[in-house]
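**Student:** Structure supplied as structure-v6.txt; contents: compact mmCIF, C-alpha atoms.
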# COMPACT_ATOMS: atom_id res chain seq x y z
CA GLU A 1 77.59 88.27 105.15
CA GLY A 2 78.97 91.29 106.94
CA SER A 3 82.15 91.32 104.85
CA PHE A 4 80.40 91.33 101.45
CA GLY A 5 80.98 94.72 99.82
CA ARG A 6 82.83 96.09 102.83
CA ALA A 7 85.55 97.45 100.54
CA LYS A 8 84.43 100.61 98.79
CA SER A 9 87.69 100.65 96.84
CA CYS A 10 90.80 98.58 96.21
CA ILE A 11 94.48 99.32 95.61
CA ILE A 12 96.59 96.55 94.06
CA LEU A 13 100.35 96.99 94.29
CA PHE A 14 101.73 94.66 91.62
CA LEU A 15 105.46 93.99 92.13
CA SER A 16 106.16 92.83 88.61
CA GLY A 17 109.16 90.61 88.02
CA GLY A 18 108.48 88.33 90.98
CA PRO A 19 109.53 89.48 94.48
CA PRO A 20 111.55 86.95 96.53
CA GLN A 21 109.52 85.51 99.39
CA HIS A 22 112.70 84.81 101.40
CA GLU A 23 113.78 88.45 101.39
CA THR A 24 110.33 89.88 102.12
CA PHE A 25 107.39 88.22 103.91
CA ASP A 26 108.64 84.64 104.43
CA PRO A 27 112.25 84.49 105.68
CA LYS A 28 113.79 81.12 106.46
CA PRO A 29 116.35 81.89 109.20
CA ASP A 30 116.95 78.21 110.02
CA ALA A 31 117.67 77.16 106.44
CA PRO A 32 121.24 76.81 105.08
CA LEU A 33 122.93 80.00 103.85
CA GLU A 34 122.41 79.06 100.20
CA ILE A 35 118.66 79.04 100.89
CA ARG A 36 118.11 81.78 103.44
CA GLY A 37 120.44 84.32 101.82
CA ASP A 38 122.33 87.16 103.50
CA PHE A 39 119.49 88.83 105.37
CA LYS A 40 118.35 88.31 108.94
CA SER A 41 114.73 87.98 109.98
CA ILE A 42 113.22 90.57 112.31
CA PRO A 43 110.24 90.44 114.67
CA THR A 44 107.04 92.16 113.60
CA SER A 45 104.34 93.81 115.70
CA VAL A 46 102.75 90.36 116.05
CA PRO A 47 104.57 88.00 118.44
CA GLY A 48 106.05 84.99 116.69
CA VAL A 49 105.77 86.45 113.18
CA HIS A 50 108.98 87.53 111.45
CA PHE A 51 109.70 89.35 108.20
CA SER A 52 112.99 89.91 106.42
CA GLU A 53 115.07 92.77 107.80
CA THR A 54 114.54 94.50 104.43
CA LEU A 55 111.02 95.52 105.56
CA PRO A 56 111.46 97.29 108.93
CA ARG A 57 108.56 99.72 108.50
CA THR A 58 106.19 97.06 107.18
CA ALA A 59 107.11 94.75 110.07
CA LYS A 60 105.80 97.34 112.53
CA LEU A 61 102.40 97.16 110.79
CA MET A 62 101.96 93.38 110.73
CA HIS A 63 98.99 93.74 113.10
CA GLU A 64 97.17 95.42 110.18
CA ILE A 65 98.20 92.82 107.57
CA ALA A 66 97.21 89.28 106.61
CA VAL A 67 100.03 87.50 104.78
CA ILE A 68 99.36 84.53 102.51
CA ARG A 69 102.57 82.46 102.51
CA SER A 70 101.24 79.59 100.40
CA MET A 71 100.24 81.33 97.16
CA THR A 72 100.89 79.10 94.13
CA THR A 73 100.41 79.19 90.36
CA GLY A 74 102.71 76.34 89.33
CA ILE A 75 103.84 78.48 86.38
CA ASN A 76 107.38 79.83 86.02
CA ALA A 77 106.75 82.20 83.09
CA HIS A 78 106.28 85.91 83.81
CA SER A 79 103.52 86.59 81.31
CA THR A 80 101.30 83.55 81.86
CA SER A 81 101.77 83.29 85.64
CA GLY A 82 101.11 87.03 85.63
CA ALA A 83 97.93 86.58 83.62
CA PHE A 84 96.81 83.91 86.11
CA MET A 85 97.35 86.28 89.06
CA LEU A 86 95.83 89.31 87.32
CA THR A 87 92.68 87.52 86.12
CA GLY A 88 92.15 84.56 88.48
CA TYR A 89 91.69 82.31 85.43
CA GLU A 90 94.32 79.71 84.54
CA PRO A 91 95.77 80.44 81.08
CA ALA A 92 95.67 77.82 78.34
CA THR A 93 99.46 77.88 78.02
CA LYS A 94 102.33 78.18 80.50
CA ALA A 95 104.71 79.58 77.87
CA GLU A 96 106.67 82.81 78.23
CA SER A 97 106.14 85.99 76.20
CA VAL A 98 102.62 85.06 75.11
CA PRO A 99 101.12 88.20 73.52
CA PRO A 100 97.67 89.50 74.44
CA SER A 101 94.74 88.27 72.36
CA GLY A 102 91.02 88.85 72.01
CA ASN A 103 90.42 85.56 73.81
CA ASP A 104 92.11 86.61 77.06
CA TRP A 105 90.10 86.58 80.26
CA PRO A 106 89.37 90.10 81.58
CA SER A 107 91.64 91.29 84.36
CA ILE A 108 90.40 91.72 87.92
CA ALA A 109 90.74 95.47 87.33
CA ALA A 110 88.53 95.19 84.23
CA VAL A 111 85.85 93.13 85.97
CA VAL A 112 85.66 95.48 88.94
CA GLY A 113 85.44 98.56 86.72
CA ALA A 114 82.69 97.04 84.58
CA LEU A 115 80.57 95.31 87.21
CA LYS A 116 81.08 97.72 90.11
CA PRO A 117 81.59 101.11 88.46
CA SER A 118 82.24 104.12 90.62
CA THR A 119 79.29 106.28 91.59
CA ARG A 120 81.56 109.25 92.29
CA SER A 121 84.17 109.30 89.52
CA PRO A 122 84.35 108.64 85.76
CA LEU A 123 87.53 106.73 86.59
CA SER A 124 86.12 103.43 87.85
CA SER A 125 89.25 101.34 87.32
CA VAL A 126 92.75 102.68 86.73
CA VAL A 127 96.14 101.11 85.97
CA LEU A 128 99.27 103.24 86.41
CA PRO A 129 102.04 104.36 85.88
CA GLU A 130 102.55 101.99 82.93
CA ARG A 131 101.45 98.59 81.66
CA ILE A 132 103.52 95.47 82.34
CA GLU A 133 105.90 94.27 79.64
CA ASN A 134 108.62 91.62 79.43
CA ASN A 135 112.07 92.53 78.15
CA GLY A 136 111.77 93.30 74.47
CA ASN A 137 108.63 95.38 75.17
CA ILE A 138 106.42 92.27 74.98
CA VAL A 139 103.11 93.09 76.67
CA TRP A 140 101.60 90.53 79.04
CA PRO A 141 98.14 89.09 78.44
CA GLY A 142 95.44 89.48 81.08
CA GLN A 143 95.81 93.21 81.65
CA ASN A 144 92.64 94.56 80.04
CA GLY A 145 89.04 93.73 79.14
CA GLY A 146 90.07 90.69 77.10
CA PHE A 147 87.18 89.11 75.19
CA MET A 148 84.79 91.73 76.62
CA GLY A 149 86.43 94.36 74.46
CA ALA A 150 87.40 97.98 74.91
CA PRO A 151 84.45 99.08 77.09
CA TRP A 152 85.82 96.84 79.85
CA HIS A 153 89.42 98.08 79.61
CA PRO A 154 90.62 99.76 82.81
CA GLN A 155 91.89 103.29 82.21
CA LEU A 156 95.65 103.12 81.62
CA ILE A 157 97.23 106.31 82.96
CA LYS A 158 100.79 106.38 81.68
CA CYS A 159 102.60 108.93 83.75
CA ASN A 160 105.55 109.77 85.94
CA PRO A 161 104.16 111.18 89.19
CA ALA A 162 107.71 111.79 90.38
CA ALA A 163 108.30 114.37 87.65
CA ALA A 164 108.46 118.06 88.57
CA ARG A 165 105.14 118.52 86.77
CA MET A 166 103.26 115.38 85.87
CA GLN A 167 101.79 115.31 82.37
CA ILE A 168 99.11 112.81 81.31
CA GLU A 169 98.52 112.67 77.58
CA GLY A 170 94.91 113.23 76.59
CA MET A 171 93.73 114.25 80.04
CA SER A 172 94.21 117.99 79.97
CA LEU A 173 92.98 120.79 77.73
CA THR A 174 95.46 122.18 75.22
CA ASP A 175 96.61 125.77 75.48
CA GLY A 176 93.86 128.14 74.39
CA MET A 177 91.10 125.53 74.73
CA THR A 178 88.47 126.84 77.14
CA ASP A 179 85.86 124.68 78.88
CA LEU A 180 83.15 126.30 76.73
CA ARG A 181 84.90 125.55 73.43
CA PHE A 182 85.56 122.00 74.60
CA SER A 183 81.86 121.47 75.48
CA GLU A 184 80.79 122.85 72.10
CA ARG A 185 83.16 120.49 70.29
CA GLY A 186 81.80 117.58 72.30
CA SER A 187 78.24 118.53 71.38
CA LEU A 188 79.16 118.76 67.69
CA LEU A 189 80.84 115.36 67.81
CA ARG A 190 77.77 113.76 69.40
CA GLN A 191 75.48 115.26 66.73
CA MET A 192 77.69 113.88 63.95
CA ASP A 193 77.88 110.49 65.68
CA ASP A 194 74.10 110.32 66.07
CA ARG A 195 73.57 110.87 62.32
CA PHE A 196 76.26 108.32 61.47
CA ARG A 197 74.93 105.67 63.87
CA ALA A 198 71.39 106.13 62.57
CA SER A 199 72.57 104.91 59.15
CA LEU A 200 74.90 102.12 60.31
CA ALA A 201 74.28 99.94 63.36
CA ASN A 202 77.53 98.45 64.61
CA PRO A 203 78.54 97.46 68.16
CA LEU A 204 82.10 98.70 67.53
CA ILE A 205 80.71 102.20 66.99
CA ASP A 206 78.88 101.93 70.30
CA GLU A 207 82.14 100.89 71.98
CA ALA A 208 84.00 103.88 70.53
CA ASP A 209 81.20 106.21 71.56
CA ALA A 210 81.27 104.89 75.14
CA MET A 211 85.03 105.47 75.32
CA HIS A 212 84.65 109.01 73.93
CA GLN A 213 82.04 109.72 76.59
CA ARG A 214 84.33 108.42 79.35
CA ALA A 215 87.06 110.78 78.14
CA PHE A 216 84.69 113.77 78.09
CA ASP A 217 83.37 112.88 81.54
CA LEU A 218 86.88 112.72 82.95
CA ILE A 219 87.95 116.08 81.57
CA HIS A 220 84.73 117.62 82.92
CA SER A 221 85.15 116.00 86.36
CA GLU A 222 86.86 118.53 88.60
CA ALA A 223 87.31 116.04 91.45
CA SER A 224 89.03 113.44 89.27
CA ARG A 225 91.19 116.00 87.51
CA SER A 226 92.21 117.40 90.88
CA ALA A 227 93.06 113.93 92.17
CA LEU A 228 95.52 113.53 89.30
CA GLU A 229 97.24 116.81 90.17
CA ILE A 230 99.66 115.26 92.63
CA GLU A 231 101.50 118.56 93.01
CA ARG A 232 98.59 119.64 95.23
CA GLU A 233 99.84 117.15 97.83
CA PRO A 234 101.90 118.65 100.68
CA ALA A 235 105.65 118.20 100.22
CA ALA A 236 105.93 116.37 103.55
CA MET A 237 103.40 113.76 102.43
CA ARG A 238 105.14 113.31 99.09
CA ASP A 239 108.40 112.77 100.96
CA ARG A 240 106.70 110.25 103.23
CA TYR A 241 105.81 107.99 100.29
CA GLY A 242 109.25 108.27 98.74
CA ARG A 243 110.02 110.56 95.83
CA GLY A 244 110.61 107.78 93.29
CA LYS A 245 108.18 106.78 90.56
CA PHE A 246 106.74 103.87 92.56
CA GLY A 247 106.25 105.82 95.77
CA GLN A 248 104.56 108.71 94.01
CA SER A 249 102.37 106.28 92.03
CA VAL A 250 101.18 104.76 95.32
CA LEU A 251 100.37 108.24 96.62
CA LEU A 252 98.49 108.97 93.40
CA ALA A 253 96.50 105.77 93.96
CA ARG A 254 95.46 107.02 97.39
CA ARG A 255 94.36 110.34 95.88
CA LEU A 256 92.29 108.52 93.25
CA VAL A 257 90.44 106.21 95.65
CA GLU A 258 89.81 109.20 97.88
CA ALA A 259 88.14 110.88 94.87
CA GLY A 260 85.94 107.84 94.22
CA THR A 261 87.89 105.52 91.92
CA ARG A 262 86.86 101.93 92.66
CA LEU A 263 90.15 100.16 91.87
CA VAL A 264 93.68 101.37 91.22
CA GLN A 265 96.41 98.95 90.17
CA VAL A 266 99.94 100.31 90.62
CA ASN A 267 102.48 98.37 88.56
CA TRP A 268 106.12 98.41 89.64
CA PRO A 269 107.70 100.77 87.09
CA ARG A 270 110.63 100.05 84.86
CA GLU A 271 113.93 101.80 85.40
CA PRO A 272 115.48 103.70 82.45
CA GLY A 273 117.20 101.28 80.07
CA ASP A 274 116.30 98.11 81.94
CA PHE A 275 114.45 96.40 79.06
CA SER A 276 117.72 94.64 78.23
CA ALA A 277 118.94 94.22 81.82
CA GLY A 278 119.55 90.85 83.48
CA SER A 279 117.64 91.77 86.64
CA PRO A 280 114.89 94.23 85.67
CA VAL A 281 112.17 95.26 88.14
CA TRP A 282 111.85 92.41 90.74
CA ASP A 283 113.25 89.80 88.33
CA THR A 284 116.46 89.29 90.33
CA HIS A 285 118.32 86.62 88.37
CA GLN A 286 121.55 88.40 89.31
CA ARG A 287 122.67 90.13 92.54
CA ASN A 288 119.36 89.39 94.27
CA GLY A 289 120.58 90.51 97.68
CA GLN A 290 122.10 93.73 96.41
CA ARG A 291 119.06 94.64 94.29
CA VAL A 292 116.66 93.96 97.13
CA ARG A 293 118.76 95.84 99.70
CA GLU A 294 119.67 98.89 97.63
CA VAL A 295 116.82 99.44 95.17
CA LEU A 296 113.68 97.36 95.61
CA ALA A 297 112.83 96.81 99.27
CA PRO A 298 113.54 100.40 100.42
CA GLN A 299 111.08 101.84 97.89
CA PHE A 300 108.41 99.27 98.66
CA ASP A 301 108.81 99.40 102.44
CA VAL A 302 108.53 103.19 102.55
CA ALA A 303 105.60 103.50 100.14
CA TYR A 304 103.55 100.56 101.45
CA SER A 305 103.89 101.50 105.10
CA ALA A 306 103.05 105.12 104.26
CA LEU A 307 99.94 104.01 102.38
CA ILE A 308 98.61 101.86 105.24
CA GLN A 309 99.23 104.58 107.83
CA ASP A 310 97.88 107.33 105.57
CA LEU A 311 94.66 105.45 104.79
CA LYS A 312 94.17 104.68 108.47
CA SER A 313 94.68 108.29 109.56
CA ARG A 314 92.10 109.43 106.99
CA GLY A 315 89.54 106.84 108.11
CA LEU A 316 89.81 105.06 104.75
CA LEU A 317 91.60 101.82 105.65
CA ASP A 318 88.44 100.03 106.83
CA GLN A 319 86.83 100.65 103.44
CA THR A 320 89.90 100.23 101.22
CA LEU A 321 91.33 96.81 100.35
CA VAL A 322 95.10 96.90 99.77
CA VAL A 323 96.65 93.91 97.97
CA VAL A 324 100.39 93.34 97.43
CA MET A 325 101.33 90.67 94.92
CA GLY A 326 103.56 89.75 92.00
CA GLU A 327 103.27 87.14 89.28
CA PHE A 328 105.28 84.56 91.24
CA GLY A 329 108.15 84.27 93.72
CA ARG A 330 111.82 83.33 93.49
CA SER A 331 113.61 80.01 93.69
CA PRO A 332 114.65 78.70 97.12
CA THR A 333 118.23 78.21 95.95
CA ILE A 334 120.54 81.06 94.99
CA ASN A 335 122.15 80.66 91.58
CA LYS A 336 125.80 81.14 90.63
CA ASN A 337 125.15 84.82 89.83
CA GLY A 338 123.85 85.52 93.31
CA GLY A 339 120.29 85.65 92.03
CA ARG A 340 117.08 83.76 92.47
CA ASP A 341 115.16 82.45 89.48
CA HIS A 342 111.47 82.22 88.51
CA TRP A 343 109.34 80.26 90.99
CA GLY A 344 105.58 79.80 90.72
CA ASN A 345 105.37 76.94 93.21
CA VAL A 346 105.04 79.10 96.32
CA PHE A 347 105.23 82.81 97.16
CA SER A 348 103.65 85.45 99.38
CA VAL A 349 100.77 87.91 99.02
CA ALA A 350 99.89 90.61 101.59
CA MET A 351 96.35 91.86 102.23
CA ALA A 352 95.18 94.71 104.45
CA GLY A 353 92.19 96.96 105.02
CA ALA A 354 88.48 96.44 104.33
CA GLY A 355 87.99 95.01 107.80
CA ILE A 356 90.35 92.06 107.21
CA ALA A 357 91.66 90.65 110.49
CA GLY A 358 95.30 91.72 110.59
CA GLY A 359 98.14 89.92 112.28
CA GLN A 360 97.45 86.56 110.65
CA ILE A 361 99.45 84.21 108.47
CA ILE A 362 97.42 82.20 105.95
CA GLY A 363 99.10 78.99 104.84
CA THR A 364 102.76 78.14 105.19
CA SER A 365 105.62 77.23 102.90
CA ASP A 366 108.00 74.37 103.59
CA LYS A 367 111.34 74.68 105.42
CA ILE A 368 113.13 76.08 102.37
CA GLY A 369 110.31 78.26 101.02
CA GLY A 370 109.96 76.07 97.93
CA TYR A 371 106.47 74.57 98.10
CA PRO A 372 103.27 75.00 100.13
CA ALA A 373 103.37 73.01 103.36
CA ASP A 374 99.83 73.91 104.38
CA ARG A 375 96.72 75.56 102.89
CA PRO A 376 97.80 76.19 99.27
CA VAL A 377 96.08 79.25 97.81
CA ARG A 378 95.53 79.62 94.06
CA PRO A 379 94.64 82.73 92.03
CA PRO A 380 90.91 81.89 91.77
CA ASN A 381 90.73 81.97 95.60
CA LEU A 382 92.49 85.33 95.70
CA ALA A 383 90.29 86.80 92.94
CA ALA A 384 87.14 85.48 94.66
CA SER A 385 88.21 87.12 97.94
CA ILE A 386 88.84 90.47 96.23
CA PHE A 387 85.49 90.34 94.40
CA HIS A 388 83.60 89.35 97.56
CA LEU A 389 85.03 92.20 99.58
CA LEU A 390 84.19 94.64 96.78
CA GLY A 391 80.59 93.42 96.60
CA ILE A 392 80.80 91.22 93.48
CA HIS A 393 79.67 87.65 94.13
CA PRO A 394 82.41 85.17 93.06
CA ASN A 395 79.74 83.21 91.12
CA HIS A 396 78.30 86.31 89.47
CA GLU A 397 77.31 85.58 85.88
CA PHE A 398 77.73 88.00 82.99
CA LEU A 399 77.18 87.69 79.25
CA ASP A 400 80.07 87.87 76.82
CA PRO A 401 79.74 89.67 73.44
CA ILE A 402 78.02 86.64 71.84
CA GLN A 403 75.67 86.27 74.82
CA ARG A 404 77.32 83.26 76.43
CA PRO A 405 77.07 83.24 80.25
CA ARG A 406 80.43 83.53 82.02
CA LEU A 407 81.39 83.44 85.72
CA VAL A 408 83.69 86.10 87.18
CA THR A 409 85.88 83.46 88.86
CA ASP A 410 87.18 80.07 87.79
CA SER A 411 85.43 78.14 90.61
CA GLY A 412 87.04 80.50 93.09
CA VAL A 413 86.10 80.23 96.75
CA PRO A 414 86.94 83.25 98.96
CA LEU A 415 89.41 82.67 101.78
CA ARG A 416 87.49 82.35 105.04
CA GLU A 417 90.37 83.97 106.92
CA LEU A 418 89.84 87.14 104.87
CA ILE A 419 86.07 87.33 104.67
CA GLY A 420 85.04 85.62 107.91
CA ALA A 421 83.49 82.19 108.39
In structure tokens, how does this file's structure come out?

**Tutor:**
Amino acid sequence: EGSFGRAKSCIILFLSGGPPQHETFDPKPDAPLEIRGDFKSIPTSVPGVHFSETLPRTAKLMHEIAVIRSMTTGINAHSTSGAFMLTGYEPATKAESVPPSGNDWPSIAAVVGALKPSTRSPLSSVVLPERIENNGNIVWPGQNGGFMGAPWHPQLIKCNPAAARMQIEGMSLTDGMTDLRFSERGSLLRQMDDRFRASLANPLIDEADAMHQRAFDLIHSEASRSALEIEREPAAMRDRYGRGKFGQSVLLARRLVEAGTRLVQVNWPREPGDFSAGSPVWDTHQRNGQRVREVLAPQFDVAYSALIQDLKSRGLLDQTLVVVMGEFGRSPTINKNGGRDHWGNVFSVAMAGAGIAGGQIIGTSDKIGGYPADRPVRPPNLAASIFHLLGIHPNHEFLDPIQRPRLVTDSGVPLRELIGA
């Protein structure tokens, strides 16, 4: 098919915490106040399609975007609904705060990096600016290579691109270390490893060696190192994306795909001290309207619209798939604290680029934005669509560490609206 492999790269913007569908892509202006909330809906660039007034810049780009309004996981727990969205495989449990394990399914980012590695950069798959954790610093499952082990892990780049000078631990030479000395040390390490491996065959040693080689390749790759030097970007462009940590992370994602990275996942970053807050990231259990209006939507609207326009102006949008999603949505009713609670029954996902027909709505939610009314879409369908567009067949088979055949999707069928009939 003409759409298979049309995306040379992918950027996933993961709005962790669960963005409210009512205050973003699926307003319900005719619903009662306790459902629709305080915001008005506004027309988009596509007649008849409205977004929340919180997304004025994004609304002007609806002709470039396909919005899925009937996404569903049926899970109301951050970590396990998140694992479902990030992997496309339904988790064995729907419990909250489930820690990662060696039995987890590999993330979409891991699969893409392993099965469709970059031909231009040692950074095939990147996650930034931090991994996703629940309050209490409890890491979600489904964020790495899972049962495929460390060689499949996407490269986690923990950073603050909004800092005056961004520092990435382990990705720059220490003071006094020249390129020549670094190369000589690498050569010495390989000689020692070769002697050691000759006397002891162990797949874990091979894994460690592969990771060492990736690190050496990155430090030696001028293009990738330059892409990470966000201070090279003109000040006007940095302003355009928004100077916060999320906006600058999205700009860094554009720089990385431009340098050849296959997939970049940008996680919504934590705010200082919010690991004990009642409404951290997009998890708006309290003051939903205020959080969306003052903190969340402005950052997203500025950065996302800048990304779409920037990619288009550089001729990269047709070959770059841009996905906006969270782990779930928010409840149709507003609670006594002015917040919306966890809701995996229906929520919205936005897709753009890679030749996707923009200006379309896929599926609908019911009158209160509580359940799918038409064309429910599940994570395996979303994962299959992403893989298809990146040139990985949704039924592609790979072998796990004990040589069992596995399929990249859990019976996922790509969405015909995204890939064509």

**Student:** Could you name the residues that touch A:Leu382 at 9 Å or less, counting all atoms listed in the file, but leaving out those on the same chain fewer than 6 positions away, as a ChimeraX atom specification?

**Tutor:** /A:71,85,88,412-415

**Student:** Could the centre and edge lengths of an axis-aligned box, enclosing all atoms of stretch 312-318 of chain A in the file with 3 Å extra on each side, be given in Å to one decimal as AutoDock Vina command-line options?

**Tutor:**
--center_x 91.6 --center_y 104.7 --center_z 107.2 --size_x 12.2 --size_y 15.4 --size_z 10.8

**Student:** So the first atom is atom CA of A:Ile356 and the second is atom CA of A:Leu418; what is the distance between them in Å, to one decimal place?

**Tutor:**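 Distance between the two atoms: 5.5 Å.
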
**Student:** May I have the residues within 8 Å of stretch 30-37 of chain A as a PyMOL selection string, using all atoms listed in the file and disregarding those fewer than 5 positions away in the same chain?

**Tutor:** chain A and resi 22-23+289+332-334+367-368

**Student:** Those selected residues, please, written with C-alpha atoms and delivered as a CSV table (one decimal), in the coordinates of the input.

**Tutor:**
chain,number,residue,atom,x,y,z
A,22,HIS,CA,112.7,84.8,101.4
A,23,GLU,CA,113.8,88.4,101.4
A,289,GLY,CA,120.6,90.5,97.7
A,332,PRO,CA,114.6,78.7,97.1
A,333,THR,CA,118.2,78.2,96.0
A,334,ILE,CA,120.5,81.1,95.0
A,367,LYS,CA,111.3,74.7,105.4
A,368,ILE,CA,113.1,76.1,102.4

**Student:** Can you measure atom CA of A:Arg416 to atom CA of A:Gly18 for me? One decimal in Å is fine.

**Tutor:**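 The value is 26.0 Å.
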
**Student:** Give me, as CSV, each residue of stretch 303-353 of chain A that comes within 8 Å of stretch 48-70 of chain A, together with its shortest interatomic pair and the distance in Å at one decimal, counting all atoms listed in the file, with rows ordered by chain and rising residue number.

**Tutor:**
residue,atom,partner,partner_atom,distance
A:Tyr304,CA,A:Thr58,CA,7.2
A:Ser305,CA,A:Thr58,CA,5.4
A:Val346,CA,A:Ser70,CA,5.6
A:Phe347,CA,A:Arg69,CA,6.0
A:Ser348,CA,A:Arg69,CA,4.5
A:Val349,CA,A:Ile68,CA,5.1
A:Ala350,CA,A:Val67,CA,4.5
A:Met351,CA,A:Ala66,CA,5.2
A:Ala352,CA,A:Ile65,CA,4.7
A:Gly353,CA,A:Glu64,CA,7.3

**Student:** Using only C-alpha atoms, which of the listed residues (A:Ala303, A:Asn381, A:Thr72, A:Arg165) sits closest to A:Arg232?

**Tutor:**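 So, comparing all the options, the nearest one is A:Arg165.
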
**Student:** Excluding A:Glu96 and its own-chain neighbours fewer than 5 positions away, which residues fall within 7 Å of it when counting all atoms listed in the file? Please give them as an mmCIF file with C-alpha atoms, keeping the file's coordinate frame.

**Tutor:**
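Final output, out.cif:
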data_model
loop_
_atom_site.group_PDB
_atom_site.id
_atom_site.type_symbol
_atom_site.label_atom_id
_atom_site.label_comp_id
_atom_site.auth_asym_id
_atom_site.auth_seq_id
_atom_site.Cartn_x
_atom_site.Cartn_y
_atom_site.Cartn_z
ATOM 1 C CA ALA A 77 106.750 82.200 83.090
ATOM 2 C CA HIS A 78 106.280 85.910 83.810
ATOM 3 C CA SER A 79 103.520 86.590 81.310
ATOM 4 C CA THR A 80 101.300 83.550 81.860
#

**Student:** So which residues touch A:Tyr241 within 12 Å, counting all atoms listed in the file, skipping near sequence neighbours fewer than 6 positions away, as a ChimeraX atom specification?

**Tutor:** /A:57,161-162,233-235,247-254,298-310

**Student:** Just checking: using all atoms listed in the file, which residue out of A:Tyr89, A:Phe246, A:Phe328, A:Phe387 ends up closest to A:Gly370?

**Tutor:**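 Ranked by minimum distance to A:Gly370, first place goes to A:Phe328.
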
**Student:** Taking only C-alpha atoms into account, name the residue in A:Ala383, A:Ile168, A:Cys159, A:Val46 that is nearest to A:Arg131.

**Tutor:**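 Looking at the shortest contact to A:Arg131, the residue is A:Cys159.
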
**Student:** To one decimal place, how far is atom CA of A:Val112 from atom CA of A:Leu263 in Å?

**Tutor:**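 According to the coordinates, atom CA of A:Val112 and atom CA of A:Leu263 are separated by 7.1 Å.
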
**Student:** From the options A:Asn134, A:Arg293, A:His388, A:Thr320, which residue's atoms come nearest to A:Ala277, counting only C-alpha atoms?

**Tutor:**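 Ranking A:Asn134, A:Arg293, A:His388, A:Thr320 by distance to A:Ala277, first place goes to A:Asn134.
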
**Student:** Could you check the closest approach to A:Leu311 for each of A:Ile11, A:Val264, A:Phe147, A:Gly326 and tell me which residue wins, using all atoms listed in the file?

**Tutor:**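 The closest residue to A:Leu311 is A:Ile11.
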
**Student:** Considering all atoms listed in the file, can you say which of A:Pro47, A:Pro100, A:Gly339, A:Pro91 comes closest to A:Asp283?

**Tutor:**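 Selected residue with least distance to A:Asp283: A:Gly339.
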
**Student:** So which residues touch stretch 113-119 of chain A within 7 Å, counting only C-alpha atoms, skipping near sequence neighbours fewer than 4 positions away, as a PyMOL selection string?

**Tutor:** chain A and resi 109+124-125+152+154+260-262

**Student:** Could you tell me, as an NGL selection string, which residues have any atom at most 9 Å from (113.8, 94.3, 84.2), counting only C-alpha atoms?

**Tutor:** :A and (16-17 or 134-135 or 270-271 or 273-284)

**Student:** Will you give me stretch 372-387 of chain A, written with C-alpha atoms and laid out as a PDB file, in the first residue's frame?

**Tutor:**
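Printed below is selection22.pdb as written:
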ATOM      1  CA  PRO A 372     -17.853   5.758  22.564  1.00  0.00           C
ATOM      2  CA  ALA A 373     -20.985   6.343  20.498  1.00  0.00           C
ATOM      3  CA  ASP A 374     -19.428   5.172  17.245  1.00  0.00           C
ATOM      4  CA  ARG A 375     -16.268   3.416  16.023  1.00  0.00           C
ATOM      5  CA  PRO A 376     -14.486   2.585  19.305  1.00  0.00           C
ATOM      6  CA  VAL A 377     -10.711   2.527  18.870  1.00  0.00           C
ATOM      7  CA  ARG A 378      -8.474   0.452  21.157  1.00  0.00           C
ATOM      8  CA  PRO A 379      -4.702   0.654  21.704  1.00  0.00           C
ATOM      9  CA  PRO A 380      -3.886  -2.306  19.408  1.00  0.00           C
ATOM     10  CA  ASN A 381      -5.526  -0.387  16.528  1.00  0.00           C
ATOM     11  CA  LEU A 382      -3.505   2.718  17.332  1.00  0.00           C
ATOM     12  CA  ALA A 383      -0.239   0.768  17.658  1.00  0.00           C
ATOM     13  CA  ALA A 384      -0.934  -1.078  14.385  1.00  0.00           C
ATOM     14  CA  SER A 385      -1.515   2.244  12.603  1.00  0.00           C
ATOM     15  CA  ILE A 386       1.746   3.698  13.936  1.00  0.00           C
ATOM     16  CA  PHE A 387       3.714   0.581  12.967  1.00  0.00           C
TER      17      PHE A 387
END
